[in-house]
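Source file: final_15.cif; contents: mmCIF, C-alpha atoms.
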```cif
data_work
#
loop_
_atom_site.group_PDB
_atom_site.id
_atom_site.type_symbol
_atom_site.label_atom_id
_atom_site.label_comp_id
_atom_site.auth_asym_id
_atom_site.auth_seq_id
_atom_site.Cartn_x
_atom_site.Cartn_y
_atom_site.Cartn_z
ATOM 1 C CA MET J 1 91.382 83.371 88.768
ATOM 2 C CA SER J 2 88.225 85.381 88.504
ATOM 3 C CA TYR J 3 87.941 89.155 88.229
ATOM 4 C CA SER J 4 85.083 91.238 86.860
ATOM 5 C CA VAL J 5 84.596 94.835 85.753
ATOM 6 C CA TYR J 6 80.942 95.769 86.311
ATOM 7 C CA VAL J 7 78.491 98.057 84.541
ATOM 8 C CA THR J 8 76.552 99.640 87.403
ATOM 9 C CA ARG J 9 74.995 102.692 89.004
ATOM 10 C CA VAL J 10 76.189 104.364 92.192
ATOM 11 C CA LYS J 11 74.311 105.101 95.416
ATOM 12 C CA ASN J 12 74.514 107.445 98.375
ATOM 13 C CA ILE J 13 76.511 110.301 96.824
ATOM 14 C CA ARG J 14 77.859 112.630 99.511
ATOM 15 C CA PRO J 15 80.603 115.254 99.870
ATOM 16 C CA ALA J 16 84.142 114.050 100.531
ATOM 17 C CA GLU J 17 85.938 115.532 103.518
ATOM 18 C CA ASN J 18 88.811 117.957 102.869
ATOM 19 C CA ALA J 19 88.049 118.055 99.126
ATOM 20 C CA ASP J 20 85.907 120.677 97.390
ATOM 21 C CA ARG J 21 85.945 118.921 94.003
ATOM 22 C CA LEU J 22 85.355 115.334 95.166
ATOM 23 C CA ASN J 23 82.387 113.274 96.334
ATOM 24 C CA LEU J 24 82.043 109.832 97.882
ATOM 25 C CA CYS J 25 79.594 107.208 96.660
ATOM 26 C CA ASP J 26 78.750 103.571 97.357
ATOM 27 C CA VAL J 27 79.295 100.839 94.770
ATOM 28 C CA PHE J 28 78.508 97.240 95.822
ATOM 29 C CA GLY J 29 78.969 98.278 99.459
ATOM 30 C CA ASN J 30 82.385 99.866 98.797
ATOM 31 C CA THR J 31 83.134 103.575 99.190
ATOM 32 C CA VAL J 32 84.658 105.158 96.087
ATOM 33 C CA VAL J 33 85.981 108.709 95.662
ATOM 34 C CA VAL J 34 84.529 110.318 92.523
ATOM 35 C CA GLY J 35 84.231 113.711 90.853
ATOM 36 C CA LYS J 36 81.313 116.091 91.372
ATOM 37 C CA ASP J 37 79.875 115.128 87.952
ATOM 38 C CA VAL J 38 78.972 111.554 89.042
ATOM 39 C CA ASN J 39 75.222 111.030 89.575
ATOM 40 C CA GLU J 40 72.887 108.174 90.537
ATOM 41 C CA LYS J 41 71.114 107.984 87.131
ATOM 42 C CA ASP J 42 73.985 107.245 84.746
ATOM 43 C CA LEU J 43 75.767 103.939 84.181
ATOM 44 C CA TYR J 44 79.447 103.581 85.079
ATOM 45 C CA ILE J 45 82.087 100.879 84.953
ATOM 46 C CA TYR J 46 83.455 99.807 88.315
ATOM 47 C CA PHE J 47 86.867 98.183 88.738
ATOM 48 C CA PRO J 48 87.080 96.467 92.163
ATOM 49 C CA THR J 49 90.457 96.323 93.899
ATOM 50 C CA ASP J 50 92.837 93.461 93.012
ATOM 51 C CA GLY J 51 92.397 94.022 89.289
ATOM 52 C CA GLN J 52 94.911 95.025 86.647
ATOM 53 C CA ILE J 53 94.069 97.612 83.973
ATOM 54 C CA SER J 54 95.124 96.588 80.478
ATOM 55 C CA GLU J 55 97.918 98.657 78.966
ATOM 56 C CA GLU J 56 95.685 99.660 76.042
ATOM 57 C CA PHE J 57 92.817 100.860 78.262
ATOM 58 C CA GLY J 58 95.152 102.697 80.646
ATOM 59 C CA LYS J 59 97.016 104.527 77.892
ATOM 60 C CA THR J 60 93.793 105.442 76.091
ATOM 61 C CA HIS J 61 92.541 107.216 79.241
ATOM 62 C CA ASP J 62 95.910 108.467 80.569
ATOM 63 C CA LEU J 63 95.486 106.506 83.824
ATOM 64 C CA PHE J 64 99.186 105.783 84.415
ATOM 65 C CA ARG J 65 101.576 107.958 86.424
ATOM 66 C CA ARG J 66 104.112 109.772 84.289
ATOM 67 C CA LYS J 67 106.128 112.984 84.234
ATOM 68 C CA ASP J 68 106.019 115.789 81.692
ATOM 69 C CA GLU J 69 109.087 117.212 79.919
ATOM 70 C CA ASP J 70 109.797 119.406 82.982
ATOM 71 C CA GLY J 71 109.805 116.377 85.306
ATOM 72 C CA LYS J 72 106.502 117.295 86.961
ATOM 73 C CA PRO J 73 103.946 114.566 87.726
ATOM 74 C CA CYS J 74 101.094 114.309 85.217
ATOM 75 C CA GLY J 75 98.720 111.656 83.960
ATOM 76 C CA GLY J 76 96.851 109.335 86.299
ATOM 77 C CA PHE J 77 97.697 107.712 89.608
ATOM 78 C CA ILE J 78 98.113 104.041 88.613
ATOM 79 C CA ASP J 79 101.591 102.493 88.617
ATOM 80 C CA PRO J 80 102.478 101.966 84.924
ATOM 81 C CA ASP J 81 104.425 98.759 85.625
ATOM 82 C CA LYS J 82 101.966 96.924 87.885
ATOM 83 C CA ARG J 83 98.820 98.597 86.462
ATOM 84 C CA SER J 84 96.972 97.342 89.578
ATOM 85 C CA ILE J 85 93.775 98.712 91.107
ATOM 86 C CA GLN J 86 94.363 99.268 94.814
ATOM 87 C CA ALA J 87 92.487 100.926 97.658
ATOM 88 C CA ILE J 88 93.974 104.421 97.967
ATOM 89 C CA ARG J 89 93.401 107.599 99.970
ATOM 90 C CA LEU J 90 92.565 110.856 98.206
ATOM 91 C CA ARG J 91 92.689 113.911 100.477
ATOM 92 C CA GLY J 92 92.196 111.559 103.436
ATOM 93 C CA ASN J 93 89.205 109.718 101.916
ATOM 94 C CA LYS J 94 89.529 105.993 101.237
ATOM 95 C CA SER J 95 88.610 104.914 97.718
ATOM 96 C CA ASP J 96 88.001 101.193 97.327
ATOM 97 C CA GLY J 97 88.166 100.606 93.573
ATOM 98 C CA LEU J 98 88.002 102.741 90.435
ATOM 99 C CA LEU J 99 84.837 104.164 88.856
ATOM 100 C CA MET J 100 84.776 105.492 85.289
ATOM 101 C CA PRO J 101 81.956 106.673 83.018
ATOM 102 C CA LEU J 102 80.489 104.044 80.707
ATOM 103 C CA LYS J 103 81.627 106.148 77.733
ATOM 104 C CA ALA J 104 85.224 105.170 78.650
ATOM 105 C CA LEU J 105 84.465 102.010 76.651
ATOM 106 C CA GLU J 106 83.460 103.919 73.474
ATOM 107 C CA PRO J 107 86.972 103.803 71.927
ATOM 108 C CA PHE J 108 86.664 100.003 71.963
ATOM 109 C CA GLY J 109 83.173 99.527 70.516
ATOM 110 C CA ASP J 110 79.437 100.267 70.656
ATOM 111 C CA ILE J 111 78.244 100.722 74.260
ATOM 112 C CA SER J 112 74.526 101.094 73.453
ATOM 113 C CA GLY J 113 73.761 97.447 74.305
ATOM 114 C CA LEU J 114 75.347 97.518 77.767
ATOM 115 C CA ALA J 115 73.065 97.373 80.816
ATOM 116 C CA GLN J 116 73.418 97.372 84.588
ATOM 117 C CA GLY J 117 74.880 94.071 85.772
ATOM 118 C CA ASP J 118 76.918 93.377 82.632
ATOM 119 C CA THR J 119 80.615 92.575 83.025
ATOM 120 C CA VAL J 120 83.261 93.886 80.639
ATOM 121 C CA GLU J 121 86.695 92.390 81.373
ATOM 122 C CA VAL J 122 86.964 91.964 77.606
ATOM 123 C CA PHE J 123 84.919 94.341 75.460
ATOM 124 C CA ASN J 124 84.610 93.908 71.703
ATOM 125 C CA GLY J 125 87.811 91.840 71.651
ATOM 126 C CA HIS J 126 89.795 94.366 73.750
ATOM 127 C CA GLN J 127 91.117 93.367 77.175
ATOM 128 C CA ILE J 128 89.920 96.020 79.655
ATOM 129 C CA ALA J 129 91.172 94.489 82.912
ATOM 130 C CA LYS J 130 91.999 91.184 84.541
ATOM 131 C CA LYS J 131 92.886 89.773 87.963
ATOM 132 C CA TYR J 132 96.156 91.205 89.276
ATOM 133 C CA VAL J 133 98.680 88.476 90.013
ATOM 134 C CA PRO J 134 101.781 89.772 91.815
ATOM 135 C CA PRO J 135 105.066 88.682 90.231
ATOM 136 C CA VAL J 136 106.782 85.678 91.809
ATOM 137 C CA LYS J 137 109.760 86.854 93.839
ATOM 138 C CA HIS J 138 111.768 83.626 93.837
ATOM 139 C CA GLU J 139 112.026 80.550 91.674
ATOM 140 C CA VAL J 140 110.769 77.318 93.228
ATOM 141 C CA ASN J 141 112.740 74.269 92.127
ATOM 142 C CA ALA J 142 111.021 71.498 90.165
ATOM 143 C CA ALA J 143 110.872 69.050 93.102
ATOM 144 C CA ALA J 144 109.137 71.603 95.340
ATOM 145 C CA ARG J 145 106.654 72.441 92.546
ATOM 146 C CA THR J 146 105.792 68.755 92.131
ATOM 147 C CA ALA J 147 105.289 68.361 95.904
ATOM 148 C CA GLN J 148 103.018 71.444 95.983
ATOM 149 C CA LYS J 149 100.973 70.096 93.082
ATOM 150 C CA LYS J 150 100.558 66.687 94.775
ATOM 151 C CA ARG J 151 99.454 68.297 98.030
ATOM 152 C CA LYS J 152 96.885 70.381 96.187
ATOM 153 C CA GLU J 153 95.567 67.401 94.208
ATOM 154 C CA ASN J 154 95.091 65.316 97.351
ATOM 155 C CA LEU J 155 93.438 68.077 99.377
ATOM 156 C CA SER J 156 89.949 66.886 100.390
ATOM 157 C CA PRO J 157 88.929 65.362 97.043
ATOM 158 C CA GLN J 158 85.423 64.615 98.362
ATOM 159 C CA PHE J 159 84.678 68.381 98.614
ATOM 160 C CA ALA J 160 84.428 70.362 95.390
ATOM 161 C CA GLU J 161 86.467 73.538 95.133
ATOM 162 C CA HIS J 162 84.474 76.683 94.340
ATOM 163 C CA SER J 163 87.125 79.198 93.308
ATOM 164 C CA LYS J 164 84.820 80.843 90.761
ATOM 165 C CA THR J 165 81.860 81.478 93.067
ATOM 166 C CA SER J 166 80.630 85.020 92.469
ATOM 167 C CA GLN J 167 80.124 87.420 95.356
ATOM 168 C CA LEU J 168 76.516 88.173 96.293
ATOM 169 C CA ALA J 169 77.068 91.944 96.366
ATOM 170 C CA TYR J 170 77.946 91.929 92.652
ATOM 171 C CA ASN J 171 74.864 89.895 91.677
ATOM 172 C CA LEU J 172 71.936 91.446 93.579
ATOM 173 C CA HIS J 173 70.416 92.591 90.269
ATOM 174 C CA ASP J 174 69.729 88.901 89.426
ATOM 175 C CA PHE J 175 67.127 88.594 92.202
ATOM 176 C CA ALA J 176 63.468 89.581 91.949
ATOM 177 C CA PRO J 177 60.721 89.820 94.591
ATOM 178 C CA GLY J 178 59.302 86.356 95.250
ATOM 179 C CA ASP J 179 62.535 84.458 94.449
ATOM 180 C CA GLU J 180 63.386 81.701 96.909
ATOM 181 C CA VAL J 181 67.022 81.794 97.952
ATOM 182 C CA GLU J 182 69.255 80.083 100.482
ATOM 183 C CA ILE J 183 72.044 82.203 101.925
ATOM 184 C CA THR J 184 74.826 81.036 104.213
ATOM 185 C CA LEU J 185 77.386 83.181 105.973
ATOM 186 C CA LYS J 186 81.047 82.365 106.540
ATOM 187 C CA LEU J 187 82.009 84.074 109.782
ATOM 188 C CA HIS J 188 85.722 83.380 110.239
ATOM 189 C CA GLY J 189 88.813 81.996 108.556
ATOM 190 C CA THR J 190 89.454 81.035 104.995
ATOM 191 C CA SER J 191 87.526 79.114 102.384
ATOM 192 C CA GLN J 192 88.812 75.774 103.577
ATOM 193 C CA ARG J 193 87.306 72.349 103.075
ATOM 194 C CA THR J 194 87.240 69.882 105.951
ATOM 195 C CA GLY J 195 86.250 66.223 105.988
#
```

Now that the file is in, can you turn its structure into structure tokens?
Amino acid sequence: MSYSVYVTRVKNIRPAENADRLNLCDVFGNTVVVGKDVNEKDLYIYFPTDGQISEEFGKTHDLFRRKDEDGKPCGGFIDPDKRSIQAIRLRGNKSDGLLMPLKALEPFGDISGLAQGDTVEVFNGHQIAKKYVPPVKHEVNAAARTAQKKRKENLSPQFAEHSKTSQLAYNLHDFAPGDEVEITLKLHGTSQRTG
């Protein structure tokens, strides 16, 4: 399963409602709640929803919820067991993903060679994030697993599966004026193949 953490800039910074110390910005068409120090010139790393922060990265930046010795909440807002990036609401403002400064990667290596459009799921041999896969809630017996595998193998073999197709919004930097492109739009339903 594919998941990417992107080096990018933000757009359309504006004040967040009901929050004096927060702004909103746009990243790949998603609204993200950020601090007042975020600007449109600097590079950031963007974690889309459905990702899972590595334990090492999360602990380095104190991103996980925890309590101090008095039992009061401290640390970040990410569940330390799941470590998943989810859409959340901060003071009533929806934040779709997590944005951090590029320097958050400095503890793991030299960031001077990173540029807009780079992806950093693994940086200098350190796992930063990966696709979040929810834990299986029940065990499927061996016969059912075999039947599921057969059904999947026989599903429309004349049409190639494209599970690793990248989203256009995350790759706009690859296009230049004068490029010829063909774009199609899926309006409804799932990514199914029909013969």

Let me know the residues the PyMOL selection byres ((chain J and resi 112-120) around 6) catches in the file above, as a ChimeraX atom specification. /J:5-8,110-111,121-123

Build an axis-aligned box that encloses every atom of range 57-75 of chain J listed in the file, pad it by 8 Å on each side, and report its centre and edge lengths in Å to one decimal, as AutoDock Vina command-line options.
```
--center_x 101.2 --center_y 110.1 --center_z 81.9 --size_x 33.3 --size_y 34.5 --size_z 27.6
```

To one decimal place in Å, what is the distance between CA of Gly109 in chain J and CA of Tyr44 in chain J?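 CA of Tyr44 in chain J lies 15.6 Å from CA of Gly109 in chain J.
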
Out of J:Asn23, J:Asn30, J:Asn12, J:Thr184, which residue has the shortest atom-to-atom distance to Ala169 in chain J when counting all atoms listed in the file?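 Closest to Ala169 in chain J, using all atoms listed in the file: J:Asn30.
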
Please report the interatomic distance between CA of Pro73 in chain J and CA of Ala104 in chain J in Å with one decimal.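 That distance, rounded to one decimal, is 22.8 Å.
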
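Using only C-alpha atoms, the set of residues no farther than 12 Å from the position (102.8, 100.1, 87.6) comprises Gln52, Ile53, Ser54, Glu55, Gly58, Leu63, Phe64, Arg65, Arg66, Gly76, Phe77, Ile78, Asp79, Pro80, Asp81, Lys82, Arg83, Ser84, Ile85, Gln86, Tyr132, Pro134 and Pro135 of chain J.
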
In Å, how far is it from CA of Arg9 in chain J to CA of Gln127 in chain J? 22.1 Å

Given the PyMOL selection byres ((chain J and resi 25) around 8), the residues it picks as a PyMOL selection string: chain J and resi 10-14+23-24+26-27+31-34

Keeping just N, CA, C and O atoms, export range 51-76 of chain J of this structure as a PDB file, in the first residue's frame.
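And here is the file that came out, out_35.pdb:
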```pdb
ATOM      1  N   GLY J  51      -2.013   8.031   7.304  1.00  0.00           N
ATOM      2  CA  GLY J  51      -0.638   7.609   7.512  1.00  0.00           C
ATOM      3  C   GLY J  51      -0.412   7.240   8.974  1.00  0.00           C
ATOM      4  O   GLY J  51      -1.255   7.475   9.838  1.00  0.00           O
ATOM      5  N   GLN J  52       0.747   6.657   9.228  1.00  0.00           N
ATOM      6  CA  GLN J  52       1.128   6.284  10.584  1.00  0.00           C
ATOM      7  C   GLN J  52       2.543   6.794  10.842  1.00  0.00           C
ATOM      8  O   GLN J  52       3.493   6.417  10.157  1.00  0.00           O
ATOM      9  N   ILE J  53       2.676   7.661  11.845  1.00  0.00           N
ATOM     10  CA  ILE J  53       3.972   8.216  12.237  1.00  0.00           C
ATOM     11  C   ILE J  53       4.818   7.093  12.839  1.00  0.00           C
ATOM     12  O   ILE J  53       4.321   6.278  13.604  1.00  0.00           O
ATOM     13  N   SER J  54       6.095   7.066  12.493  1.00  0.00           N
ATOM     14  CA  SER J  54       6.963   6.061  13.123  1.00  0.00           C
ATOM     15  C   SER J  54       7.139   6.410  14.600  1.00  0.00           C
ATOM     16  O   SER J  54       7.059   7.571  15.007  1.00  0.00           O
ATOM     17  N   GLU J  55       7.398   5.399  15.401  1.00  0.00           N
ATOM     18  CA  GLU J  55       7.585   5.613  16.835  1.00  0.00           C
ATOM     19  C   GLU J  55       8.777   6.529  17.083  1.00  0.00           C
ATOM     20  O   GLU J  55       8.724   7.435  17.920  1.00  0.00           O
ATOM     21  N   GLU J  56       9.859   6.323  16.334  1.00  0.00           N
ATOM     22  CA  GLU J  56      11.065   7.137  16.506  1.00  0.00           C
ATOM     23  C   GLU J  56      10.791   8.612  16.203  1.00  0.00           C
ATOM     24  O   GLU J  56      11.154   9.495  16.981  1.00  0.00           O
ATOM     25  N   PHE J  57      10.125   8.891  15.074  1.00  0.00           N
ATOM     26  CA  PHE J  57       9.842  10.270  14.696  1.00  0.00           C
ATOM     27  C   PHE J  57       8.896  10.925  15.709  1.00  0.00           C
ATOM     28  O   PHE J  57       9.101  12.059  16.134  1.00  0.00           O
ATOM     29  N   GLY J  58       7.862  10.198  16.108  1.00  0.00           N
ATOM     30  CA  GLY J  58       6.890  10.738  17.056  1.00  0.00           C
ATOM     31  C   GLY J  58       7.490  11.054  18.410  1.00  0.00           C
ATOM     32  O   GLY J  58       7.201  12.099  19.012  1.00  0.00           O
ATOM     33  N   LYS J  59       8.341  10.174  18.912  1.00  0.00           N
ATOM     34  CA  LYS J  59       8.974  10.419  20.213  1.00  0.00           C
ATOM     35  C   LYS J  59       9.990  11.558  20.133  1.00  0.00           C
ATOM     36  O   LYS J  59      10.102  12.362  21.052  1.00  0.00           O
ATOM     37  N   THR J  60      10.711  11.638  19.025  1.00  0.00           N
ATOM     38  CA  THR J  60      11.685  12.715  18.854  1.00  0.00           C
ATOM     39  C   THR J  60      11.014  14.080  18.948  1.00  0.00           C
ATOM     40  O   THR J  60      11.575  15.022  19.500  1.00  0.00           O
ATOM     41  N   HIS J  61       9.788  14.203  18.430  1.00  0.00           N
ATOM     42  CA  HIS J  61       9.094  15.491  18.387  1.00  0.00           C
ATOM     43  C   HIS J  61       7.924  15.584  19.374  1.00  0.00           C
ATOM     44  O   HIS J  61       7.107  16.495  19.254  1.00  0.00           O
ATOM     45  N   ASP J  62       7.854  14.643  20.313  1.00  0.00           N
ATOM     46  CA  ASP J  62       6.823  14.658  21.358  1.00  0.00           C
ATOM     47  C   ASP J  62       5.419  14.814  20.764  1.00  0.00           C
ATOM     48  O   ASP J  62       4.627  15.635  21.215  1.00  0.00           O
ATOM     49  N   LEU J  63       5.110  14.013  19.748  1.00  0.00           N
ATOM     50  CA  LEU J  63       3.821  14.100  19.056  1.00  0.00           C
ATOM     51  C   LEU J  63       2.736  13.257  19.711  1.00  0.00           C
ATOM     52  O   LEU J  63       1.557  13.414  19.393  1.00  0.00           O
ATOM     53  N   PHE J  64       3.095  12.338  20.602  1.00  0.00           N
ATOM     54  CA  PHE J  64       2.121  11.405  21.157  1.00  0.00           C
ATOM     55  C   PHE J  64       1.499  11.938  22.451  1.00  0.00           C
ATOM     56  O   PHE J  64       2.176  12.575  23.265  1.00  0.00           O
ATOM     57  N   ARG J  65       0.209  11.650  22.621  1.00  0.00           N
ATOM     58  CA  ARG J  65      -0.486  12.019  23.859  1.00  0.00           C
ATOM     59  C   ARG J  65       0.149  11.295  25.034  1.00  0.00           C
ATOM     60  O   ARG J  65       0.477  10.117  24.957  1.00  0.00           O
ATOM     61  N   ARG J  66       0.302  12.003  26.127  1.00  0.00           N
ATOM     62  CA  ARG J  66       0.803  11.405  27.358  1.00  0.00           C
ATOM     63  C   ARG J  66       0.387  12.293  28.519  1.00  0.00           C
ATOM     64  O   ARG J  66      -0.146  13.377  28.308  1.00  0.00           O
ATOM     65  N   LYS J  67       0.615  11.825  29.726  1.00  0.00           N
ATOM     66  CA  LYS J  67       0.292  12.608  30.918  1.00  0.00           C
ATOM     67  C   LYS J  67       1.560  12.831  31.725  1.00  0.00           C
ATOM     68  O   LYS J  67       2.443  11.979  31.762  1.00  0.00           O
ATOM     69  N   ASP J  68       1.633  14.000  32.381  1.00  0.00           N
ATOM     70  CA  ASP J  68       2.790  14.284  33.219  1.00  0.00           C
ATOM     71  C   ASP J  68       2.640  13.581  34.567  1.00  0.00           C
ATOM     72  O   ASP J  68       1.668  12.854  34.801  1.00  0.00           O
ATOM     73  N   GLU J  69       3.591  13.814  35.477  1.00  0.00           N
ATOM     74  CA  GLU J  69       3.567  13.121  36.771  1.00  0.00           C
ATOM     75  C   GLU J  69       2.354  13.482  37.621  1.00  0.00           C
ATOM     76  O   GLU J  69       1.981  12.752  38.539  1.00  0.00           O
ATOM     77  N   ASP J  70       1.679  14.601  37.307  1.00  0.00           N
ATOM     78  CA  ASP J  70       0.468  14.997  38.027  1.00  0.00           C
ATOM     79  C   ASP J  70      -0.801  14.468  37.356  1.00  0.00           C
ATOM     80  O   ASP J  70      -1.906  14.772  37.803  1.00  0.00           O
ATOM     81  N   GLY J  71      -0.643  13.725  36.258  1.00  0.00           N
ATOM     82  CA  GLY J  71      -1.795  13.167  35.556  1.00  0.00           C
ATOM     83  C   GLY J  71      -2.449  14.126  34.585  1.00  0.00           C
ATOM     84  O   GLY J  71      -3.517  13.845  34.044  1.00  0.00           O
ATOM     85  N   LYS J  72      -1.800  15.256  34.314  1.00  0.00           N
ATOM     86  CA  LYS J  72      -2.351  16.234  33.372  1.00  0.00           C
ATOM     87  C   LYS J  72      -1.864  15.924  31.962  1.00  0.00           C
ATOM     88  O   LYS J  72      -0.718  15.516  31.762  1.00  0.00           O
ATOM     89  N   PRO J  73      -2.747  16.133  30.958  1.00  0.00           N
ATOM     90  CA  PRO J  73      -2.344  15.878  29.572  1.00  0.00           C
ATOM     91  C   PRO J  73      -1.165  16.755  29.157  1.00  0.00           C
ATOM     92  O   PRO J  73      -1.120  17.940  29.492  1.00  0.00           O
ATOM     93  N   CYS J  74      -0.210  16.161  28.447  1.00  0.00           N
ATOM     94  CA  CYS J  74       0.909  16.906  27.884  1.00  0.00           C
ATOM     95  C   CYS J  74       1.346  16.178  26.616  1.00  0.00           C
ATOM     96  O   CYS J  74       0.783  15.168  26.243  1.00  0.00           O
ATOM     97  N   GLY J  75       2.356  16.689  25.967  1.00  0.00           N
ATOM     98  CA  GLY J  75       2.788  16.075  24.716  1.00  0.00           C
ATOM     99  C   GLY J  75       1.873  16.463  23.571  1.00  0.00           C
ATOM    100  O   GLY J  75       1.170  17.463  23.618  1.00  0.00           O
ATOM    101  N   GLY J  76       1.868  15.650  22.530  1.00  0.00           N
ATOM    102  CA  GLY J  76       1.092  15.937  21.330  1.00  0.00           C
ATOM    103  C   GLY J  76      -0.332  15.437  21.408  1.00  0.00           C
ATOM    104  O   GLY J  76      -0.869  15.180  22.481  1.00  0.00           O
TER     105      GLY J  76
END
```
